[in-house]
$ cat coords-v6.cif   # mmCIF, C-alpha atoms
data_upload
#
loop_
_atom_site.label_atom_id
_atom_site.label_comp_id
_atom_site.auth_asym_id
_atom_site.auth_seq_id
_atom_site.Cartn_x
_atom_site.Cartn_y
_atom_site.Cartn_z
CA MET A 178 -133.67 96.99 -143.77
CA ASN A 179 -136.45 97.66 -141.32
CA GLY A 180 -135.60 101.32 -141.01
CA VAL A 181 -137.60 104.40 -140.23
CA HIS A 182 -137.48 105.27 -143.95
CA ASP A 183 -140.03 102.48 -144.52
CA MET A 184 -142.86 104.63 -143.24
CA GLY A 185 -145.90 103.57 -145.28
CA GLY A 186 -148.83 103.23 -142.88
CA MET A 187 -147.24 104.92 -139.86
CA HIS A 188 -149.28 107.33 -137.76
CA GLY A 189 -148.32 110.52 -136.02
CA PHE A 190 -146.39 112.58 -138.57
CA GLY A 191 -149.19 115.12 -138.86
CA ALA A 192 -150.66 116.96 -141.81
CA VAL A 193 -149.04 117.31 -145.21
CA GLN A 194 -147.73 120.85 -145.53
CA PRO A 195 -147.70 122.08 -149.10
CA GLU A 196 -145.84 125.30 -149.77
CA GLY A 197 -147.20 127.80 -152.29
CA ASP A 198 -144.83 128.63 -155.16
CA GLU A 199 -142.16 126.38 -153.76
CA PRO A 200 -138.72 127.05 -155.25
CA THR A 201 -136.72 124.12 -156.67
CA PHE A 202 -134.06 124.77 -154.05
CA HIS A 203 -134.66 126.71 -150.83
CA ALA A 204 -131.06 127.83 -150.54
CA PRO A 205 -128.15 127.77 -152.97
CA TRP A 206 -126.35 125.08 -150.93
CA GLU A 207 -129.22 122.66 -151.58
CA GLY A 208 -128.66 122.97 -155.32
CA ARG A 209 -124.92 122.40 -154.89
CA VAL A 210 -125.53 119.26 -152.80
CA PHE A 211 -127.99 117.96 -155.36
CA GLY A 212 -125.62 118.73 -158.23
CA MET A 213 -122.66 117.07 -156.50
CA SER A 214 -124.67 113.98 -155.67
CA ARG A 215 -126.05 113.67 -159.18
CA SER A 216 -122.68 114.33 -160.74
CA LEU A 217 -120.80 111.86 -158.52
CA GLY A 218 -123.40 109.19 -159.27
CA TYR A 219 -122.92 109.74 -162.98
CA ALA A 220 -119.13 109.68 -162.58
CA GLY A 221 -119.41 106.23 -161.04
CA ALA A 222 -118.67 106.97 -157.37
CA TRP A 223 -121.64 104.75 -156.47
CA ASN A 224 -124.91 103.45 -157.86
CA THR A 225 -128.29 104.86 -156.99
CA HIS A 226 -129.34 101.79 -154.97
CA SER A 227 -126.32 101.88 -152.74
CA ALA A 228 -126.88 105.62 -152.26
CA ARG A 229 -130.40 104.83 -151.00
CA ALA A 230 -129.00 102.09 -148.77
CA ALA A 231 -126.58 104.59 -147.25
CA ARG A 232 -129.37 107.07 -146.62
CA GLU A 233 -131.49 104.36 -144.96
CA SER A 234 -128.66 103.34 -142.66
CA LEU A 235 -128.40 106.74 -141.06
CA ASN A 236 -129.41 106.66 -137.42
CA PRO A 237 -133.24 106.92 -137.35
CA VAL A 238 -133.13 109.99 -135.14
CA GLU A 239 -130.77 111.68 -137.58
CA TYR A 240 -132.87 110.55 -140.56
CA LEU A 241 -136.05 112.08 -139.18
CA ALA A 242 -134.45 115.27 -137.90
CA ALA A 243 -132.54 116.22 -141.03
CA SER A 244 -134.06 117.89 -144.07
CA TYR A 245 -133.95 116.10 -147.42
CA TYR A 246 -130.82 117.88 -148.62
CA GLU A 247 -129.14 117.69 -145.21
CA THR A 248 -129.65 113.93 -145.39
CA MET A 249 -128.26 113.93 -148.91
CA LEU A 250 -125.18 115.78 -147.69
CA LEU A 251 -124.64 113.49 -144.69
CA THR A 252 -125.03 110.42 -146.89
CA MET A 253 -122.70 111.79 -149.55
CA GLN A 254 -119.96 112.61 -147.00
CA LYS A 255 -120.28 109.19 -145.39
CA ARG A 256 -119.93 107.47 -148.73
CA LEU A 257 -117.02 109.59 -149.88
CA LEU A 258 -115.23 108.62 -146.67
CA ASP A 259 -116.20 104.93 -146.92
CA ARG A 260 -114.95 104.73 -150.49
CA GLY A 261 -111.68 106.45 -149.67
CA LEU A 262 -112.43 109.26 -152.12
CA VAL A 263 -112.14 111.93 -149.44
CA GLY A 264 -110.40 111.76 -146.06
CA GLN A 265 -111.74 112.96 -142.73
CA ASP A 266 -108.69 115.21 -142.48
CA GLU A 267 -109.68 116.82 -145.77
CA LEU A 268 -113.23 117.44 -144.60
CA GLU A 269 -111.80 119.08 -141.50
CA ALA A 270 -109.27 121.11 -143.45
CA GLY A 271 -111.87 122.15 -146.03
CA ARG A 272 -109.48 121.45 -148.87
CA SER A 273 -107.91 118.59 -150.77
CA LEU A 274 -104.70 117.27 -149.17
CA ARG A 275 -103.87 114.56 -151.72
CA PRO A 276 -105.03 113.26 -155.08
CA GLY A 277 -107.86 110.75 -154.89
CA PRO A 278 -108.42 107.54 -156.84
CA PRO A 279 -109.89 108.18 -160.28
CA LEU A 280 -113.60 107.73 -160.99
CA ALA A 281 -114.98 105.74 -163.92
CA ARG A 282 -116.17 108.80 -165.84
CA SER A 283 -115.22 112.41 -165.78
CA VAL A 284 -117.80 115.14 -165.69
CA SER A 285 -117.49 118.25 -167.74
CA GLY A 286 -119.41 121.46 -167.72
CA SER A 287 -119.52 121.47 -171.49
CA ASP A 288 -122.15 118.75 -171.75
CA ILE A 289 -124.33 117.80 -168.82
CA SER A 290 -127.05 116.06 -170.84
CA PRO A 291 -125.81 112.56 -169.91
CA ILE A 292 -126.15 113.58 -166.26
CA LEU A 293 -129.65 114.95 -166.71
CA TYR A 294 -130.96 112.11 -168.83
CA ARG A 295 -129.48 108.82 -167.88
CA ARG A 296 -130.26 105.78 -169.90
CA LYS A 297 -131.54 102.72 -168.13
CA LYS A 298 -129.23 99.77 -168.54
CA PRO A 299 -131.12 96.99 -170.36
CA GLN A 300 -131.22 93.60 -168.68
CA SER A 301 -131.87 90.30 -170.41
CA ALA A 302 -134.60 88.05 -169.02
CA PRO A 303 -133.34 85.42 -166.59
CA GLY A 304 -135.99 83.02 -167.96
CA PRO A 305 -139.75 83.06 -168.40
CA ALA A 306 -141.76 85.20 -165.99
CA GLN A 307 -143.13 83.10 -163.14
CA PHE A 308 -146.34 85.11 -162.74
CA LYS A 309 -148.92 86.56 -165.14
CA VAL A 310 -151.55 89.26 -164.91
CA GLY A 311 -154.35 88.21 -162.56
CA ASP A 312 -152.27 85.76 -160.50
CA ARG A 313 -152.72 85.90 -156.75
CA VAL A 314 -149.39 86.42 -155.04
CA ARG A 315 -148.22 86.87 -151.48
CA ALA A 316 -145.49 89.35 -150.65
CA LYS A 317 -142.94 87.28 -148.79
CA ASN A 318 -142.26 87.97 -145.15
CA ILE A 319 -138.64 88.95 -145.59
CA ASN A 320 -136.64 91.14 -143.21
CA PRO A 321 -133.19 91.64 -144.71
CA PRO A 322 -130.87 93.90 -142.72
CA THR A 323 -129.76 95.38 -146.06
CA HIS A 324 -131.57 97.41 -148.75
CA THR A 325 -134.85 96.09 -150.13
CA ARG A 326 -137.74 97.68 -152.02
CA LEU A 327 -140.43 95.50 -150.51
CA PRO A 328 -142.27 97.81 -148.11
CA ARG A 329 -143.07 96.37 -144.70
CA TYR A 330 -146.76 97.19 -144.99
CA THR A 331 -147.16 94.61 -147.77
CA ARG A 332 -145.16 91.74 -146.27
CA GLY A 333 -147.27 88.63 -145.78
CA ARG A 334 -150.20 90.25 -147.63
CA ILE A 335 -151.90 88.84 -150.70
CA GLY A 336 -152.32 90.87 -153.86
CA VAL A 337 -153.00 90.39 -157.54
CA VAL A 338 -150.50 90.86 -160.36
CA GLU A 339 -151.69 94.00 -162.14
CA ALA A 340 -149.02 94.03 -164.86
CA VAL A 341 -145.76 92.38 -165.80
CA ALA A 342 -143.35 95.29 -165.71
CA GLY A 343 -140.25 94.04 -167.48
CA VAL A 344 -136.83 92.91 -166.35
CA ASN A 345 -134.63 94.95 -164.03
CA ALA A 346 -131.46 94.46 -162.05
CA LEU A 347 -132.59 93.59 -158.52
CA ALA A 348 -132.16 96.69 -156.37
CA ASP A 349 -131.37 94.64 -153.27
CA ALA A 350 -128.33 93.09 -154.98
CA GLN A 351 -127.19 96.30 -156.66
CA ALA A 352 -127.16 98.07 -153.31
CA LEU A 353 -124.57 95.56 -152.10
CA GLY A 354 -122.36 96.40 -155.05
CA GLY A 355 -122.26 92.93 -156.58
CA ALA A 356 -123.04 91.83 -160.12
CA ASP A 357 -126.44 92.64 -161.63
CA VAL A 358 -129.12 90.09 -160.80
CA PRO A 359 -131.77 90.43 -163.54
CA GLN A 360 -135.30 89.70 -162.38
CA TRP A 361 -138.83 89.99 -163.66
CA TYR A 362 -140.69 92.86 -162.06
CA TYR A 363 -144.43 93.18 -161.57
CA THR A 364 -146.93 95.69 -160.33
CA VAL A 365 -149.03 94.06 -157.62
CA LEU A 366 -152.33 95.46 -156.39
CA PHE A 367 -153.44 95.07 -152.77
CA THR A 368 -156.86 96.05 -151.46
CA GLY A 369 -157.20 98.42 -148.50
CA PRO A 370 -158.79 95.77 -146.23
CA GLU A 371 -156.02 93.24 -147.07
CA LEU A 372 -153.41 95.77 -145.97
CA TRP A 373 -155.17 97.55 -143.14
CA GLY A 374 -157.76 95.08 -141.90
CA GLU A 375 -161.48 94.83 -141.54
CA GLY A 376 -163.35 98.07 -141.49
CA SER A 377 -160.73 99.92 -143.53
CA ASP A 378 -161.59 101.73 -146.77
CA PRO A 379 -162.97 99.10 -149.20
CA GLN A 380 -162.43 101.50 -152.11
CA LEU A 381 -158.70 101.89 -151.45
CA SER A 382 -156.12 99.97 -153.42
CA VAL A 383 -152.35 100.23 -153.35
CA VAL A 384 -150.03 99.12 -156.13
CA ILE A 385 -146.36 98.40 -155.56
CA GLY A 386 -143.56 97.49 -157.93
CA ALA A 387 -142.18 94.13 -156.86
CA ALA A 388 -139.30 91.93 -157.97
CA GLU A 389 -140.14 88.28 -158.59
CA SER A 390 -138.07 87.18 -155.59
CA TYR A 391 -140.33 89.28 -153.31
CA LEU A 392 -143.36 87.20 -154.28
CA GLU A 393 -144.74 83.69 -153.92
CA SER A 394 -147.89 82.07 -155.34
CA ALA A 395 -150.93 82.45 -153.13
CA PRO A 396 -154.00 80.21 -153.08
CA MET B 16 -115.50 125.38 -138.98
CA ALA B 17 -114.21 125.24 -142.52
CA THR B 18 -112.11 128.05 -143.83
CA HIS B 19 -112.58 129.73 -147.14
CA SER B 20 -109.97 128.19 -149.37
CA HIS B 21 -111.14 128.77 -152.87
CA GLY B 22 -108.17 130.87 -153.85
CA ASP B 23 -108.50 131.96 -157.43
CA HIS B 24 -111.50 129.73 -157.95
CA HIS B 25 -113.57 131.64 -160.48
CA HIS B 26 -116.81 130.33 -159.25
CA ASP B 27 -118.90 131.37 -156.28
CA ALA B 28 -119.54 127.89 -154.90
CA GLY B 29 -122.70 128.89 -153.10
CA GLY B 30 -123.97 130.79 -156.07
CA ASP B 31 -125.18 133.21 -153.45
CA GLU B 32 -124.71 136.84 -152.74
CA GLU B 33 -124.22 136.71 -149.00
CA GLU B 34 -121.02 137.78 -147.40
CA PHE B 35 -118.93 134.86 -146.24
CA SER B 36 -119.62 135.67 -142.60
CA GLN B 37 -123.36 135.40 -143.13
CA LEU B 38 -123.35 131.95 -144.65
CA SER B 39 -124.92 129.29 -142.49
CA GLU B 40 -122.79 126.54 -141.07
CA ILE B 41 -124.23 124.05 -143.52
CA ALA B 42 -123.59 126.36 -146.49
CA LEU B 43 -119.97 126.57 -145.37
CA ARG B 44 -119.69 122.81 -145.11
CA VAL B 45 -121.14 122.40 -148.58
CA ARG B 46 -118.80 125.02 -149.96
CA ALA B 47 -115.81 123.24 -148.42
CA LEU B 48 -116.94 119.88 -149.80
CA GLU B 49 -117.38 121.30 -153.28
CA SER B 50 -113.93 122.80 -153.05
CA ILE B 51 -112.37 119.44 -152.07
CA LEU B 52 -114.21 117.56 -154.81
CA THR B 53 -113.28 120.17 -157.40
CA GLU B 54 -109.61 120.08 -156.46
CA LYS B 55 -109.67 116.29 -156.80
CA GLY B 56 -111.32 116.55 -160.20
CA TYR B 57 -114.47 114.69 -159.09
CA VAL B 58 -116.86 117.53 -159.87
CA ASP B 59 -116.81 120.51 -162.17
CA PRO B 60 -118.39 123.65 -160.67
CA LEU B 61 -119.53 124.65 -164.14
CA ALA B 62 -121.40 121.37 -164.50
CA LEU B 63 -122.98 121.91 -161.06
CA ASP B 64 -124.15 125.37 -162.16
CA GLN B 65 -125.75 123.83 -165.19
CA ILE B 66 -127.38 120.96 -163.32
CA VAL B 67 -128.94 123.43 -160.87
CA GLN B 68 -130.06 125.70 -163.66
CA ALA B 69 -131.54 122.82 -165.67
CA TYR B 70 -133.67 121.66 -162.75
CA GLU B 71 -134.72 125.22 -162.00
CA THR B 72 -135.74 126.02 -165.55
CA LYS B 73 -135.75 123.18 -168.06
CA VAL B 74 -136.80 120.03 -166.24
CA GLY B 75 -140.17 120.57 -164.65
CA PRO B 76 -143.89 119.82 -164.59
CA HIS B 77 -144.46 121.79 -167.79
CA ASN B 78 -143.22 118.65 -169.55
CA GLY B 79 -145.86 116.54 -167.83
CA ALA B 80 -148.49 119.17 -168.61
CA ARG B 81 -147.65 119.06 -172.30
CA ILE B 82 -147.84 115.27 -172.33
CA VAL B 83 -151.29 115.36 -170.71
CA ALA B 84 -152.58 118.10 -173.00
CA HIS B 85 -151.56 116.08 -176.05
CA ALA B 86 -153.22 112.97 -174.59
CA TRP B 87 -156.45 114.92 -174.11
CA ALA B 88 -156.32 116.34 -177.60
CA ASP B 89 -155.25 113.22 -179.49
CA PRO B 90 -156.88 109.86 -178.64
CA ALA B 91 -154.34 107.89 -180.68
CA PHE B 92 -151.47 109.51 -178.77
CA ARG B 93 -153.29 108.85 -175.49
CA GLU B 94 -153.45 105.16 -176.41
CA ARG B 95 -149.73 105.02 -177.22
CA LEU B 96 -148.95 106.88 -174.01
CA LEU B 97 -150.91 104.45 -171.85
CA GLN B 98 -149.35 101.46 -173.62
CA ASN B 99 -145.74 102.62 -173.57
CA ALA B 100 -145.04 106.02 -172.05
CA ASN B 101 -141.27 105.73 -172.44
CA THR B 102 -141.47 105.83 -176.21
CA ALA B 103 -144.63 107.94 -176.57
CA ILE B 104 -143.45 110.99 -174.60
CA GLY B 105 -140.64 111.57 -177.09
CA GLU B 106 -143.30 112.57 -179.62
CA VAL B 107 -144.27 115.67 -177.65
CA VAL B 108 -141.41 116.59 -175.30
CA ASP B 109 -137.68 116.78 -175.83
CA ILE B 110 -136.84 113.80 -173.62
CA ASN B 111 -135.64 110.63 -175.25
CA THR B 112 -133.99 108.71 -172.46
CA LEU B 113 -135.33 107.80 -169.04
CA ASP B 114 -133.41 106.05 -166.30
CA SER B 115 -136.50 104.19 -165.16
CA ASP B 116 -139.70 102.98 -166.80
CA LEU B 117 -142.51 105.51 -166.91
CA ARG B 118 -146.11 104.48 -166.64
CA VAL B 119 -149.05 106.83 -167.09
CA VAL B 120 -152.09 105.93 -164.98
CA GLU B 121 -155.39 107.34 -166.11
CA ASN B 122 -158.07 108.85 -163.89
CA THR B 123 -161.57 107.75 -164.85
CA ASP B 124 -165.08 108.10 -163.45
CA ARG B 125 -164.32 104.95 -161.43
CA ILE B 126 -160.73 105.42 -160.29
CA HIS B 127 -158.71 108.31 -158.87
CA ASN B 128 -154.95 107.67 -158.97
CA MET B 129 -152.29 109.13 -156.69
CA ILE B 130 -148.53 108.55 -156.63
CA VAL B 131 -146.15 108.27 -153.67
CA CYS B 132 -142.79 106.79 -152.76
CA THR B 133 -143.12 105.46 -149.22
CA LEU B 134 -139.48 104.31 -149.02
CA CYS B 135 -137.68 107.38 -150.30
CA SER B 136 -138.54 109.99 -152.91
CA CYS B 137 -138.86 108.23 -156.28
CA TYR B 138 -140.55 110.60 -158.70
CA PRO B 139 -140.51 110.96 -162.48
CA TRP B 140 -137.89 113.74 -162.52
CA GLU B 141 -137.61 113.94 -166.27
CA VAL B 142 -141.26 114.85 -166.73
CA LEU B 143 -142.15 116.52 -163.41
CA GLY B 144 -138.85 117.99 -162.24
CA LEU B 145 -137.72 117.57 -158.64
CA PRO B 146 -140.45 116.66 -156.17
CA PRO B 147 -141.87 119.25 -153.79
CA THR B 148 -140.68 119.02 -150.17
CA TRP B 149 -143.99 117.60 -148.92
CA TYR B 150 -143.71 114.67 -151.35
CA LYS B 151 -140.39 113.69 -149.73
CA ALA B 152 -141.54 114.28 -146.16
CA ALA B 153 -142.87 111.83 -143.58
CA PRO B 154 -146.50 113.03 -143.38
CA TYR B 155 -147.20 112.30 -147.05
CA ARG B 156 -145.09 109.15 -147.32
CA SER B 157 -146.62 107.59 -144.21
CA ARG B 158 -150.27 108.40 -144.86
CA ALA B 159 -150.61 108.17 -148.64
CA VAL B 160 -151.05 104.39 -148.61
CA LEU B 161 -153.21 104.33 -145.46
CA ASP B 162 -155.44 107.38 -145.69
CA PRO B 163 -155.17 108.92 -149.16
CA ARG B 164 -158.69 110.34 -148.92
CA GLY B 165 -157.63 112.27 -145.81
CA ILE B 166 -154.66 113.70 -147.70
CA LEU B 167 -156.80 114.50 -150.73
CA ALA B 168 -159.25 116.36 -148.49
CA GLU B 169 -156.37 118.46 -147.13
CA PHE B 170 -155.53 119.33 -150.74
CA GLY B 171 -159.16 120.31 -151.27
CA VAL B 172 -160.03 117.27 -153.37
CA GLN B 173 -163.15 115.34 -152.38
CA VAL B 174 -163.32 111.87 -153.91
CA PRO B 175 -166.73 110.20 -153.50
CA GLU B 176 -166.72 107.24 -151.09
CA ASP B 177 -167.77 104.80 -153.79
CA LYS B 178 -164.95 105.84 -156.11
CA GLU B 179 -161.74 103.81 -155.89
CA VAL B 180 -158.60 105.64 -154.81
CA ARG B 181 -155.61 103.79 -156.24
CA VAL B 182 -152.23 104.68 -154.80
CA TRP B 183 -149.06 103.83 -156.75
CA ASP B 184 -146.00 103.29 -154.55
CA SER B 185 -143.12 104.14 -156.89
CA ASN B 186 -139.71 102.55 -156.93
CA ALA B 187 -136.40 102.98 -158.68
CA GLU B 188 -137.40 100.82 -161.61
CA GLN B 189 -140.80 102.29 -162.39
CA ARG B 190 -142.19 105.79 -161.96
CA PHE B 191 -145.75 106.95 -162.44
CA ILE B 192 -147.61 110.05 -163.51
CA VAL B 193 -151.33 110.55 -163.36
CA LEU B 194 -153.35 111.41 -166.46
CA PRO B 195 -156.02 113.63 -164.91
CA GLN B 196 -159.54 113.81 -166.32
CA ARG B 197 -160.06 116.51 -168.89
CA PRO B 198 -162.19 119.29 -167.44
CA ALA B 199 -165.62 119.88 -168.96
CA GLY B 200 -166.09 122.95 -171.12
CA THR B 201 -162.81 122.59 -172.99
CA ASP B 202 -164.08 121.22 -176.29
CA GLY B 203 -162.08 122.50 -179.20
CA TRP B 204 -159.31 123.94 -177.02
CA SER B 205 -155.79 123.95 -178.41
CA VAL B 206 -153.00 121.93 -176.83
CA GLU B 207 -151.49 125.16 -175.51
CA GLN B 208 -154.75 126.16 -173.85
CA LEU B 209 -155.18 122.71 -172.34
CA GLU B 210 -151.61 122.70 -170.99
CA ALA B 211 -152.40 125.65 -168.76
CA LEU B 212 -155.04 123.55 -166.98
CA VAL B 213 -152.61 120.82 -165.93
CA THR B 214 -151.12 121.47 -162.50
CA ARG B 215 -148.20 119.64 -160.95
CA ASP B 216 -150.49 118.32 -158.23
CA SER B 217 -152.89 116.94 -160.83
CA LEU B 218 -149.97 114.95 -162.25
CA ILE B 219 -149.21 113.56 -158.77
CA GLY B 220 -152.89 112.94 -158.14
CA THR B 221 -153.20 115.22 -155.12
CA GLY B 222 -155.07 117.68 -157.31
CA LEU B 223 -157.40 117.81 -160.28
CA ALA B 224 -156.89 119.67 -163.52
CA ARG B 225 -158.01 123.31 -163.31
CA ARG B 226 -161.52 124.12 -164.41
CA PRO B 227 -161.52 126.42 -167.42
CA ASP B 228 -163.58 129.06 -165.61
CA VAL B 229 -160.94 129.40 -162.86
CA ALA B 230 -157.73 128.77 -164.80
CA PRO B 231 -155.02 131.36 -164.41
CA GLU B 232 -152.53 131.92 -167.18
CA GLY B 233 -149.21 130.16 -167.16
CA ALA B 234 -147.51 126.81 -167.07
CA ALA B 235 -147.92 123.96 -164.66
CA ARG B 236 -147.12 124.52 -161.04
#
$ encode --input "coords-v6.cif" --output "structure tokens"
Amino acid sequence: MNGVHDMGGMHGFGAVQPEGDEPTFHAPWEGRVFGMSRSLGYAGAWNTHSARAARESLNPVEYLAASYYETMLLTMQKRLLDRGLVGQDELEAGRSLRPGPPLARSVSGSDISPILYRRKKPQSAPGPAQFKVGDRVRAKNINPPTHTRLPRYTRGRIGVVEAVAGVNALADAQALGGADVPQWYYTVLFTGPELWGEGSDPQLSVVIGAAESYLESAP
Amino acid sequence: MATHSHGDHHHDAGGDEEEFSQLSEIALRVRALESILTEKGYVDPLALDQIVQAYETKVGPHNGARIVAHAWADPAFRERLLQNANTAIGEVVDINTLDSDLRVVENTDRIHNMIVCTLCSCYPWEVLGLPPTWYKAAPYRSRAVLDPRGILAEFGVQVPEDKEVRVWDSNAEQRFIVLPQRPAGTDGWSVEQLEALVTRDSLIGTGLARRPDVAPEGAAR
């Protein structure tokens, strides 16, 4: 979706503000939110792509105003409600009022290693890769109202296939909760002037990861 | 506002020392949510403790620093790492599964690499830990692909105009780390000595490896 999360190339957000000796979490609640989100994802409450989609569909004003972990909390609550795992009345009461539907996996404190190190699900190739290293490709001008990983700043622009990066389940489809759609992925390199126009930095290049369906052959 | 309803719950959900009355509104909301999810059996507070602790202590940029130090010290390992990082890293760090592909991009005399995730906050957690706040925030995500030299200058890194700056926009399927250039004056150094030169920012590409004459003791930050 064309949301405010897709911010590559925007002006006006000011200087980057690094923080010396930054702690992993700035307050204990941030760690709890992170842990709950990670744990629920592992347990099968949702997949990572649909979690991103939920985050992106927050109101843009809310998205920009909230901190990273506030956004994570808002998104998590919204999804728990949407999936019927938690009721609004329970959030208001601050306690469980009824048993919820079971999740696919249970999480135990005795072994968290599968939560920390998740294994990528292998996908079999849908057929031969359409593009090879060195091919000129155009990022399609697509504007789906749902989740996509094709950043706006590349749409309609021509790049070169830098590497063939294996087969993955298409994030756009996974976010919608349907069956896996295996696709070839590529890294595609765009020059600065192709992205940002004449007079921009000729020694800049940007590489994106792109699914095959994001790309078309370019002359 | 939520009420405190943990009952005989053994665990301090906030993990914090504050009195209940001093907790912020958001901390109270989080505490209530954890309580609901625990009662429903969706989360285990003990597992949450361990996840938090693991990211605070075990999973962090020291893993990336070790990988880089080995690559500097061992050309054959460096080659394997650049060809297939997912399998190569298991030789030097205790990580054998990744939930996305890892690619190591090498800084050279011609190219300076920098990583970003413009759409969200994709970052190679397993080898760098959780990203710093600035990596997830709008100023970095918006400008990294448009004006990386400007950002690098703010980080105190001057890249000559005729040197390519290559920015890698990460996604869920593939994550990147930068292999910084080995600082001069480190011939014959041990892997442990080299590790101390590799900063977190040098693995993101917003910094360079420390010079040996200015390197403080300690692991990657």
$ resolve_selection --input "coords-v6.cif" --expression "the PyMOL selection byres ((chain B and resi 134) around 6)" --output "PDB file with C-alpha atoms, in the coordinates of the input"
ATOM      1  CA  HIS A 182    -137.480 105.270-143.950  1.00  0.00           C
ATOM      2  CA  ASP A 183    -140.030 102.480-144.520  1.00  0.00           C
TER       3      ASP A 183
ATOM      4  CA  CYS B 132    -142.790 106.790-152.760  1.00  0.00           C
ATOM      5  CA  THR B 133    -143.120 105.460-149.220  1.00  0.00           C
ATOM      6  CA  CYS B 135    -137.680 107.380-150.300  1.00  0.00           C
TER       7      CYS B 135
END
$ atom_distance --input "coords-v6.cif" --atom1 "CA of Asp59 (chain B)" --atom2 "CA of Glu233 (chain A)"
27.8 Å
$ resolve_selection --input "coords-v6.cif" --expression "the PyMOL selection byres ((chain A and resi 352) around 12)" --output "PyMOL selection string"
(chain A and resi 178+223-234+322-326+346-351+353-358) or (chain B and resi 187)
$ closest_residue --input "coords-v6.cif" --among "B:Leu218, B:Ile126, B:Ile66, B:Leu145" --to "Gln380 (chain A)" --atoms "all atoms listed in the file"
B:Ile126
$ closest_residue --input "coords-v6.cif" --among "A:Thr248, A:Ser377, A:Ser382, A:Gln300" --to "chain B" --atoms "all atoms listed in the file"
A:Ser382
$ atom_distance --input "coords-v6.cif" --atom1 "CA of Gly333 (chain A)" --atom2 "CA of Ile319 (chain A)"
8.6 Å
$ residues_around --input "coords-v6.cif" --residues "Gly220 (chain B)" --least-positions-apart "4" --cutoff "8 Å" --atoms "all atoms listed in the file" --output "list in words"
His127, Asn128, Met129, Ile130, Val193, Pro195 and Asp216 of chain B
$ closest_residue --input "coords-v6.cif" --among "B:Glu40, B:Glu210, B:Asp124, B:Glu71" --to "chain A" --atoms "only C-alpha atoms"
B:Glu71
$ resolve_selection --input "coords-v6.cif" --expression "the PyMOL selection byres ((chain B) within 7 of (chain A))" --output "VMD selection string"
chain B and resid 17 to 18 20 29 to 31 42 45 47 to 48 50 to 51 54 to 55 57 to 59 61 to 63 66 to 67 71 112 to 115 133 to 135 145 149 153 to 158 160 to 161 177 to 186 188
$ residues_near_point --input "coords-v6.cif" --point "(-146.9, 123.6, -160.5)" --cutoff "10 Å" --atoms "all atoms listed in the file" --output "PyMOL selection string"
(chain A and resi 197-199) or (chain B and resi 75-77+80+143-144+147+213-218+233-236)
$ atom_distance --input "coords-v6.cif" --atom1 "CA of Asn78 (chain B)" --atom2 "CA of Glu141 (chain B)"
8.0 Å
$ axis_aligned_box --input "coords-v6.cif" --around "region 302-320 of chain A" --padding-each-side "4 Å" --output "lines of an AutoDock Vina configuration file"
center_x = -143.8
center_y = 87.1
center_z = -156.1
size_x = 29.0
size_y = 16.1
size_z = 33.8
$ closest_residue --input "coords-v6.cif" --among "B:Tyr150, B:Asp202, B:Val172, B:Asn101" --to "Cys137 (chain B)" --atoms "only C-alpha atoms"
B:Tyr150
$ decode --input "coords-v6.cif" --residues "region 316-325 of chain A" --atoms "N, CA and C atoms" --output "CSV table (one decimal), in the first residue's frame"
chain,number,residue,atom,x,y,z
A,316,ALA,N,11.2,-1.9,-12.8
A,316,ALA,CA,10.2,-2.2,-11.7
A,316,ALA,C,8.9,-1.7,-12.1
A,317,LYS,N,7.9,-2.6,-12.0
A,317,LYS,CA,6.6,-2.3,-12.5
A,317,LYS,C,5.9,-1.1,-11.7
A,318,ASN,N,5.1,-0.4,-12.4
A,318,ASN,CA,4.3,0.6,-11.7
A,318,ASN,C,3.1,0.0,-11.2
A,319,ILE,N,3.2,-0.6,-10.0
A,319,ILE,CA,2.1,-1.2,-9.3
A,319,ILE,C,1.7,-0.4,-8.1
A,320,ASN,N,0.5,-0.3,-7.8
A,320,ASN,CA,0.0,0.4,-6.6
A,320,ASN,C,-1.0,-0.4,-5.8
A,321,PRO,N,-0.7,-1.6,-5.3
A,321,PRO,CA,-1.7,-2.4,-4.6
A,321,PRO,C,-2.1,-1.7,-3.3
A,322,PRO,N,-3.3,-1.8,-2.9
A,322,PRO,CA,-3.8,-1.2,-1.7
A,322,PRO,C,-3.4,-2.1,-0.5
A,323,THR,N,-2.8,-3.2,-0.8
A,323,THR,CA,-2.4,-4.2,0.3
A,323,THR,C,-0.8,-4.2,0.3
A,324,HIS,N,-0.3,-5.1,1.2
A,324,HIS,CA,1.2,-5.1,1.4
A,324,HIS,C,2.0,-5.4,0.2
A,325,THR,N,3.0,-4.7,-0.1
A,325,THR,CA,4.0,-5.1,-1.1
A,325,THR,C,5.4,-4.6,-0.6
